[in-house]
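Next up, entry-v1.cif (mmCIF, C-alpha atoms (C1' of nucleotides)):
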```
data_coords
#
loop_
_atom_site.label_atom_id
_atom_site.label_comp_id
_atom_site.auth_asym_id
_atom_site.auth_seq_id
_atom_site.Cartn_x
_atom_site.Cartn_y
_atom_site.Cartn_z
CA MET A 1 96.20 -21.66 -36.90
CA ASP A 2 97.14 -19.14 -34.22
CA MET A 3 95.37 -15.95 -35.23
CA ARG A 4 97.00 -14.02 -32.39
CA LYS A 5 100.48 -14.64 -33.79
CA LEU A 6 99.38 -14.20 -37.40
CA VAL A 7 97.82 -10.80 -36.76
CA GLY A 8 100.67 -9.75 -34.48
CA ARG A 9 103.44 -10.58 -36.91
CA ASN A 10 101.68 -8.82 -39.74
CA PHE A 11 100.94 -5.63 -37.82
CA ALA A 12 104.55 -5.56 -36.61
CA ARG A 13 105.85 -5.92 -40.13
CA ILE A 14 103.63 -3.18 -41.54
CA ARG A 15 104.44 -0.82 -38.66
CA ARG A 16 108.17 -1.24 -39.31
CA GLU A 17 107.65 -0.80 -43.05
CA LYS A 18 105.92 2.50 -42.36
CA GLY A 19 108.85 3.55 -40.17
CA PHE A 20 106.97 3.87 -36.89
CA THR A 21 108.33 2.93 -33.47
CA GLN A 22 105.87 1.28 -31.09
CA GLU A 23 105.92 4.48 -29.04
CA ARG A 24 105.17 6.71 -32.03
CA PHE A 25 102.46 4.38 -33.27
CA ALA A 26 100.96 4.29 -29.78
CA GLU A 27 100.50 8.07 -30.02
CA LEU A 28 98.96 7.81 -33.47
CA SER A 29 96.58 4.98 -32.68
CA GLY A 30 95.69 5.77 -29.09
CA PHE A 31 96.81 2.38 -27.78
CA THR A 32 99.65 2.00 -25.28
CA GLN A 33 103.16 0.96 -26.28
CA GLN A 34 102.86 -1.94 -23.86
CA TYR A 35 99.70 -3.22 -25.48
CA LEU A 36 101.19 -2.94 -28.96
CA SER A 37 104.23 -4.88 -27.77
CA ASP A 38 102.02 -7.71 -26.51
CA LEU A 39 99.93 -7.60 -29.67
CA GLU A 40 102.92 -7.89 -31.99
CA ARG A 41 104.25 -10.86 -30.02
CA GLY A 42 100.96 -12.72 -30.38
CA LEU A 43 100.04 -12.46 -26.70
CA ARG A 44 96.76 -10.63 -27.35
CA ASN A 45 93.45 -11.46 -29.00
CA PRO A 46 92.26 -8.11 -30.38
CA THR A 47 88.63 -7.37 -31.15
CA ILE A 48 87.42 -6.45 -34.62
CA VAL A 49 87.09 -2.82 -33.52
CA THR A 50 90.70 -2.78 -32.28
CA ILE A 51 91.92 -4.33 -35.52
CA TYR A 52 89.96 -1.78 -37.49
CA GLU A 53 91.35 1.17 -35.50
CA ILE A 54 94.90 -0.10 -35.87
CA ALA A 55 94.40 -0.64 -39.60
CA ILE A 56 93.12 2.92 -39.96
CA ALA A 57 96.13 4.28 -38.05
CA LEU A 58 98.48 2.22 -40.21
CA GLY A 59 96.84 3.57 -43.34
CA VAL A 60 95.82 0.09 -44.41
CA SER A 61 92.71 0.25 -46.57
CA HIS A 62 92.27 -3.38 -47.51
CA MET A 63 92.69 -6.52 -45.45
CA GLU A 64 92.34 -10.02 -46.78
CA ILE A 65 92.26 -13.18 -44.73
CA VAL A 66 92.81 -16.43 -46.58
CA MET A 67 92.16 -19.25 -44.18
CA PRO A 68 94.97 -21.74 -44.44
CA ASP A 69 97.87 -19.50 -43.50
CA GLN A 70 97.89 -16.15 -45.21
CA ILE A 71 96.83 -12.58 -44.67
CA GLU A 72 97.10 -10.00 -47.38
CA GLU A 73 96.76 -6.25 -47.39
CA ALA A 74 96.33 -4.04 -50.43
CA GLY A 75 99.51 -3.71 -52.42
CA SER A 76 101.41 -5.49 -49.72
CA PRO A 77 100.71 -9.20 -49.41
CA ILE A 78 101.20 -10.43 -45.89
CA THR A 79 102.10 -14.07 -45.86
CA ASP A 80 102.54 -16.24 -42.86
CA ALA A 81 103.94 -19.03 -45.00
CA PRO A 82 105.74 -19.04 -48.37
CA PRO A 83 103.45 -17.51 -51.03
CA ALA A 84 101.03 -19.97 -52.58
CA GLN A 85 101.43 -20.72 -56.27
CA LYS A 86 98.90 -18.53 -58.07
CA SER A 87 98.67 -20.65 -61.23
CA MET B 1 82.08 2.65 -39.78
CA ASP B 2 80.47 0.37 -37.22
CA MET B 3 82.43 -2.88 -37.47
CA ARG B 4 80.10 -4.58 -34.98
CA LYS B 5 77.11 -4.14 -37.27
CA LEU B 6 79.09 -4.86 -40.43
CA VAL B 7 80.41 -8.17 -39.12
CA GLY B 8 77.06 -9.07 -37.59
CA ARG B 9 75.00 -8.48 -40.70
CA ASN B 10 77.41 -10.44 -42.84
CA PHE B 11 77.61 -13.44 -40.55
CA ALA B 12 73.81 -13.47 -40.29
CA ARG B 13 73.45 -13.41 -44.05
CA ILE B 14 75.94 -16.23 -44.62
CA ARG B 15 74.41 -18.35 -41.87
CA ARG B 16 70.97 -18.04 -43.49
CA GLU B 17 72.41 -18.77 -46.92
CA LYS B 18 73.89 -21.99 -45.53
CA GLY B 19 70.49 -22.89 -44.11
CA PHE B 20 71.46 -22.92 -40.43
CA THR B 21 69.30 -21.74 -37.55
CA GLN B 22 71.08 -19.87 -34.76
CA GLU B 23 70.47 -22.90 -32.55
CA ARG B 24 71.95 -25.34 -35.05
CA PHE B 25 74.90 -23.08 -35.74
CA ALA B 26 75.45 -22.69 -32.00
CA GLU B 27 75.93 -26.46 -31.81
CA LEU B 28 78.31 -26.46 -34.77
CA SER B 29 80.44 -23.54 -33.64
CA GLY B 30 80.35 -24.03 -29.87
CA PHE B 31 78.97 -20.55 -29.17
CA THR B 32 75.60 -20.01 -27.52
CA GLN B 33 72.45 -19.10 -29.44
CA GLN B 34 72.16 -16.01 -27.26
CA TYR B 35 75.65 -14.83 -28.14
CA LEU B 36 75.07 -15.41 -31.85
CA SER B 37 71.84 -13.42 -31.64
CA ASP B 38 73.67 -10.47 -30.09
CA LEU B 39 76.51 -10.81 -32.58
CA GLU B 40 74.24 -10.74 -35.61
CA ARG B 41 72.46 -7.64 -34.32
CA GLY B 42 75.75 -5.77 -33.96
CA LEU B 43 75.70 -5.73 -30.15
CA ARG B 44 79.00 -7.54 -29.78
CA ASN B 45 82.63 -6.82 -30.59
CA PRO B 46 84.11 -10.25 -31.34
CA THR B 47 87.84 -11.01 -31.11
CA ILE B 48 89.87 -12.19 -34.09
CA VAL B 49 89.87 -15.71 -32.65
CA THR B 50 86.06 -15.72 -32.38
CA ILE B 51 85.72 -14.42 -35.93
CA TYR B 52 88.10 -17.11 -37.13
CA GLU B 53 86.22 -19.88 -35.33
CA ILE B 54 82.89 -18.71 -36.70
CA ALA B 55 84.32 -18.46 -40.21
CA ILE B 56 85.63 -22.03 -39.93
CA ALA B 57 82.23 -23.27 -38.75
CA LEU B 58 80.52 -21.42 -41.58
CA GLY B 59 82.88 -22.99 -44.07
CA VAL B 60 84.17 -19.59 -45.13
CA SER B 61 87.72 -19.88 -46.40
CA HIS B 62 88.39 -16.34 -47.51
CA MET B 63 87.46 -13.05 -45.88
CA GLU B 64 88.17 -9.66 -47.33
CA ILE B 65 87.76 -6.34 -45.58
CA VAL B 66 87.76 -3.27 -47.77
CA MET B 67 87.81 -0.27 -45.50
CA PRO B 68 85.11 2.12 -46.66
CA ASP B 69 82.11 -0.10 -46.22
CA GLN B 70 82.49 -3.58 -47.65
CA ILE B 71 83.35 -7.09 -46.60
CA GLU B 72 83.72 -9.84 -49.10
CA GLU B 73 84.01 -13.58 -48.74
CA ALA B 74 85.19 -16.03 -51.37
CA GLY B 75 82.66 -16.54 -54.13
CA SER B 76 80.13 -14.57 -52.21
CA PRO B 77 80.81 -10.87 -51.95
CA ILE B 78 79.44 -9.39 -48.78
CA THR B 79 78.59 -5.79 -49.32
CA ASP B 80 77.41 -3.42 -46.67
CA ALA B 81 76.50 -0.81 -49.26
CA PRO B 82 75.26 -1.17 -52.85
CA PRO B 83 77.91 -3.06 -54.85
CA ALA B 84 80.65 -0.84 -56.21
CA GLN B 85 80.93 -0.56 -59.98
CA LYS B 86 83.69 -2.96 -60.97
CA SER B 87 84.51 -1.30 -64.31
"C1'" DT C 1 132.32 0.86 -23.64
"C1'" DG C 2 128.90 3.55 -22.40
"C1'" DC C 3 124.67 6.28 -24.02
"C1'" DT C 4 120.29 6.49 -26.08
"C1'" DA C 5 116.36 4.70 -28.30
"C1'" DT C 6 113.44 1.01 -28.51
"C1'" DT C 7 111.04 -3.01 -27.03
"C1'" DA C 8 109.81 -6.48 -23.42
"C1'" DC C 9 108.06 -7.51 -18.95
"C1'" DA C 10 105.56 -6.83 -14.17
"C1'" DT C 11 101.64 -5.44 -11.50
"C1'" DA C 12 97.22 -3.67 -10.80
"C1'" DC C 13 92.95 -2.05 -12.49
"C1'" DT C 14 88.19 -1.41 -15.28
"C1'" DA C 15 85.30 -2.70 -18.94
"C1'" DT C 16 83.53 -6.08 -21.69
"C1'" DA C 17 83.78 -10.73 -24.36
"C1'" DG C 18 81.69 -14.95 -23.97
"C1'" DT C 19 79.04 -18.53 -20.95
"C1'" DA C 20 74.79 -20.37 -18.83
"C1'" DG C 21 69.93 -20.84 -18.08
"C1'" DA C 22 65.31 -19.18 -18.38
"C1'" DT C 23 61.76 -16.89 -20.96
"C1'" DA C 24 59.52 -13.60 -24.00
"C1'" DA C 25 58.57 -12.17 -28.49
"C1'" DA C 26 58.24 -12.88 -33.38
"C1'" DC C 27 57.49 -15.92 -37.28
"C1'" DC C 28 55.43 -19.86 -39.76
"C1'" DT C 29 52.33 -23.25 -41.18
"C1'" DT C 30 48.06 -25.26 -40.95
"C1'" DA D 1 43.86 -18.64 -34.06
"C1'" DA D 2 46.68 -22.49 -32.28
"C1'" DG D 3 51.03 -24.73 -32.02
"C1'" DG D 4 55.74 -25.30 -32.97
"C1'" DT D 5 60.01 -23.22 -34.44
"C1'" DT D 6 63.13 -19.58 -34.39
"C1'" DT D 7 65.07 -15.34 -32.58
"C1'" DA D 8 65.36 -11.67 -29.00
"C1'" DT D 9 65.79 -10.33 -24.19
"C1'" DC D 10 66.83 -10.91 -19.10
"C1'" DT D 11 70.02 -11.88 -15.11
"C1'" DA D 12 74.19 -13.38 -13.33
"C1'" DC D 13 78.77 -14.95 -13.77
"C1'" DT D 14 84.09 -15.75 -15.24
"C1'" DA D 15 87.80 -14.71 -18.16
"C1'" DT D 16 90.25 -11.54 -20.61
"C1'" DA D 17 90.72 -7.11 -23.62
"C1'" DG D 18 92.70 -2.82 -23.02
"C1'" DT D 19 94.55 0.98 -19.73
"C1'" DA D 20 98.11 2.96 -16.72
"C1'" DT D 21 102.70 3.23 -14.55
"C1'" DG D 22 107.11 1.76 -13.83
"C1'" DT D 23 111.20 -0.63 -15.14
"C1'" DA D 24 114.26 -4.19 -17.17
"C1'" DA D 25 116.25 -6.00 -21.26
"C1'" DT D 26 117.90 -5.35 -25.92
"C1'" DA D 27 119.84 -3.04 -29.83
"C1'" DG D 28 122.41 0.60 -32.20
"C1'" DC D 29 125.64 3.86 -32.42
"C1'" DA D 30 129.29 7.35 -30.93
#
```
Using structure tokens, write down the structure that the file contains.
Amino acid sequence: MDMRKLVGRNFARIRREKGFTQERFAELSGFTQQYLSDLERGLRNPTIVTIYEIAIALGVSHMEIVMPDQIEEAGSPITDAPPAQKS
Amino acid sequence: MDMRKLVGRNFARIRREKGFTQERFAELSGFTQQYLSDLERGLRNPTIVTIYEIAIALGVSHMEIVMPDQIEEAGSPITDAPPAQKS
DNA sequence: TGCTATTACATACTATAGTAGATAAACCTT
DNA sequence: AAGGTTTATCTACTATAGTATGTAATAGCA
């Protein structure tokens, strides 16, 4: 599993859902627009501190990583693959 | 919140629970004993790929990050603070 | 079709993640 | 207290995370 792409796709999706441009979110989070662009395209391997700071800026309060191929975030499941059957 | 210490403490606890020494776990995971020592003491800021690789080696299949001050892992809640009241 | 906003790409740079090898310090167990 | 096992600490190194600046490509929209 490519964690770079998984994290990137999910941050991109949440940013768009919140209505931020990369430029606007760069101001909010303190990262550069260029770095965020790379991150969202899966070209970067962020540290846990970077992920935490971005999550804070996005207003995400709960991150869940389920190994096979999913990431979820409170109230907004982030799936990399079709949702697993829950029952 | 210091994510370095939070991640470090939790990985250290799980490693001990699984009965691995740092040296043995270094062999399993491919990281050095020295790096794992630093990591567990909160002196390192691991990337998402490193965290993923360590989780795989630990046999952890589910990680959960709740912002204030908790991390949980499937079947084995990892709390940084006294457990929150669930009801 | 052209204008504007947005995102992708290029180059160069500094700080640090992670490696490697040696050793010191702490912890057991007897 | 001695000896072995485990963890912490040192030095030195390479690769890459993240910054900074500029610009090209793409997408909407009038």
### Task
Determine the nearest neighbour of chain A from the options D:DC29, D:DA17, D:DT23, D:DT6, counting all atoms listed in the file.
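Checking each of D:DC29, D:DA17, D:DT23, D:DT6 against chain A, counting all atoms listed in the file, the winner is D:DA17.
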### Message
Quick check: residues of chain B within 9 Å of chain D, only C-alpha atoms (C1' of nucleotides), returned as a list in words.
### Response
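The answer, sorted by residue number, is Thr21, Gln22, Glu23, Gln33, Gln34, Ser37, Asp38 and Thr47 of chain B.
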Counting only C-alpha atoms (C1' of nucleotides), collect the residues of chain C whose closest atom lies at most 10 Å from chain A, and write them out as a PDB file with C-alpha atoms (C1' of nucleotides), in the frame of the given file.
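Okay, part.pdb is ready:
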```pdb
ATOM      1  C1'  DA C   5     116.360   4.700 -28.300  1.00  0.00           C
ATOM      2  C1'  DT C   6     113.440   1.010 -28.510  1.00  0.00           C
ATOM      3  C1'  DT C   7     111.040  -3.010 -27.030  1.00  0.00           C
ATOM      4  C1'  DA C   8     109.810  -6.480 -23.420  1.00  0.00           C
ATOM      5  C1'  DC C   9     108.060  -7.510 -18.950  1.00  0.00           C
ATOM      6  C1'  DA C  17      83.780 -10.730 -24.360  1.00  0.00           C
TER       7       DA C  17
END
```
### Query
Could you work out how far atom CA of B:Arg9 lies from atom CA of A:Leu6, giving the answer in Å with one decimal?
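Atom CA of B:Arg9 lies 25.3 Å from atom CA of A:Leu6.
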### Message
Set the distance at 9 Å and use all atoms listed in the file: which residues neighbour B:Ala12 once local chain neighbours fewer than 4 positions away are removed? I'd like the list as JSON, numbers by chain.
### Response
{"B": [7, 8, 16, 17, 22, 36, 37, 39, 40, 41]}
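Rounded to one decimal, atom CA of B:Glu64 and atom CA of A:Glu64 lie 4.2 Å from each other.
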### Task
Report the distance between atom CA of B:Tyr52 and atom CA of A:Met1 in Å, rounded to one decimal place.
9.3 Å
### Task
Report as number ranges by chain the full result of the PyMOL selection byres ((chain A and resi 25) around 12) when it is applied to this structure.
A: 11-12, 14-16, 18-24, 26-37, 53-59
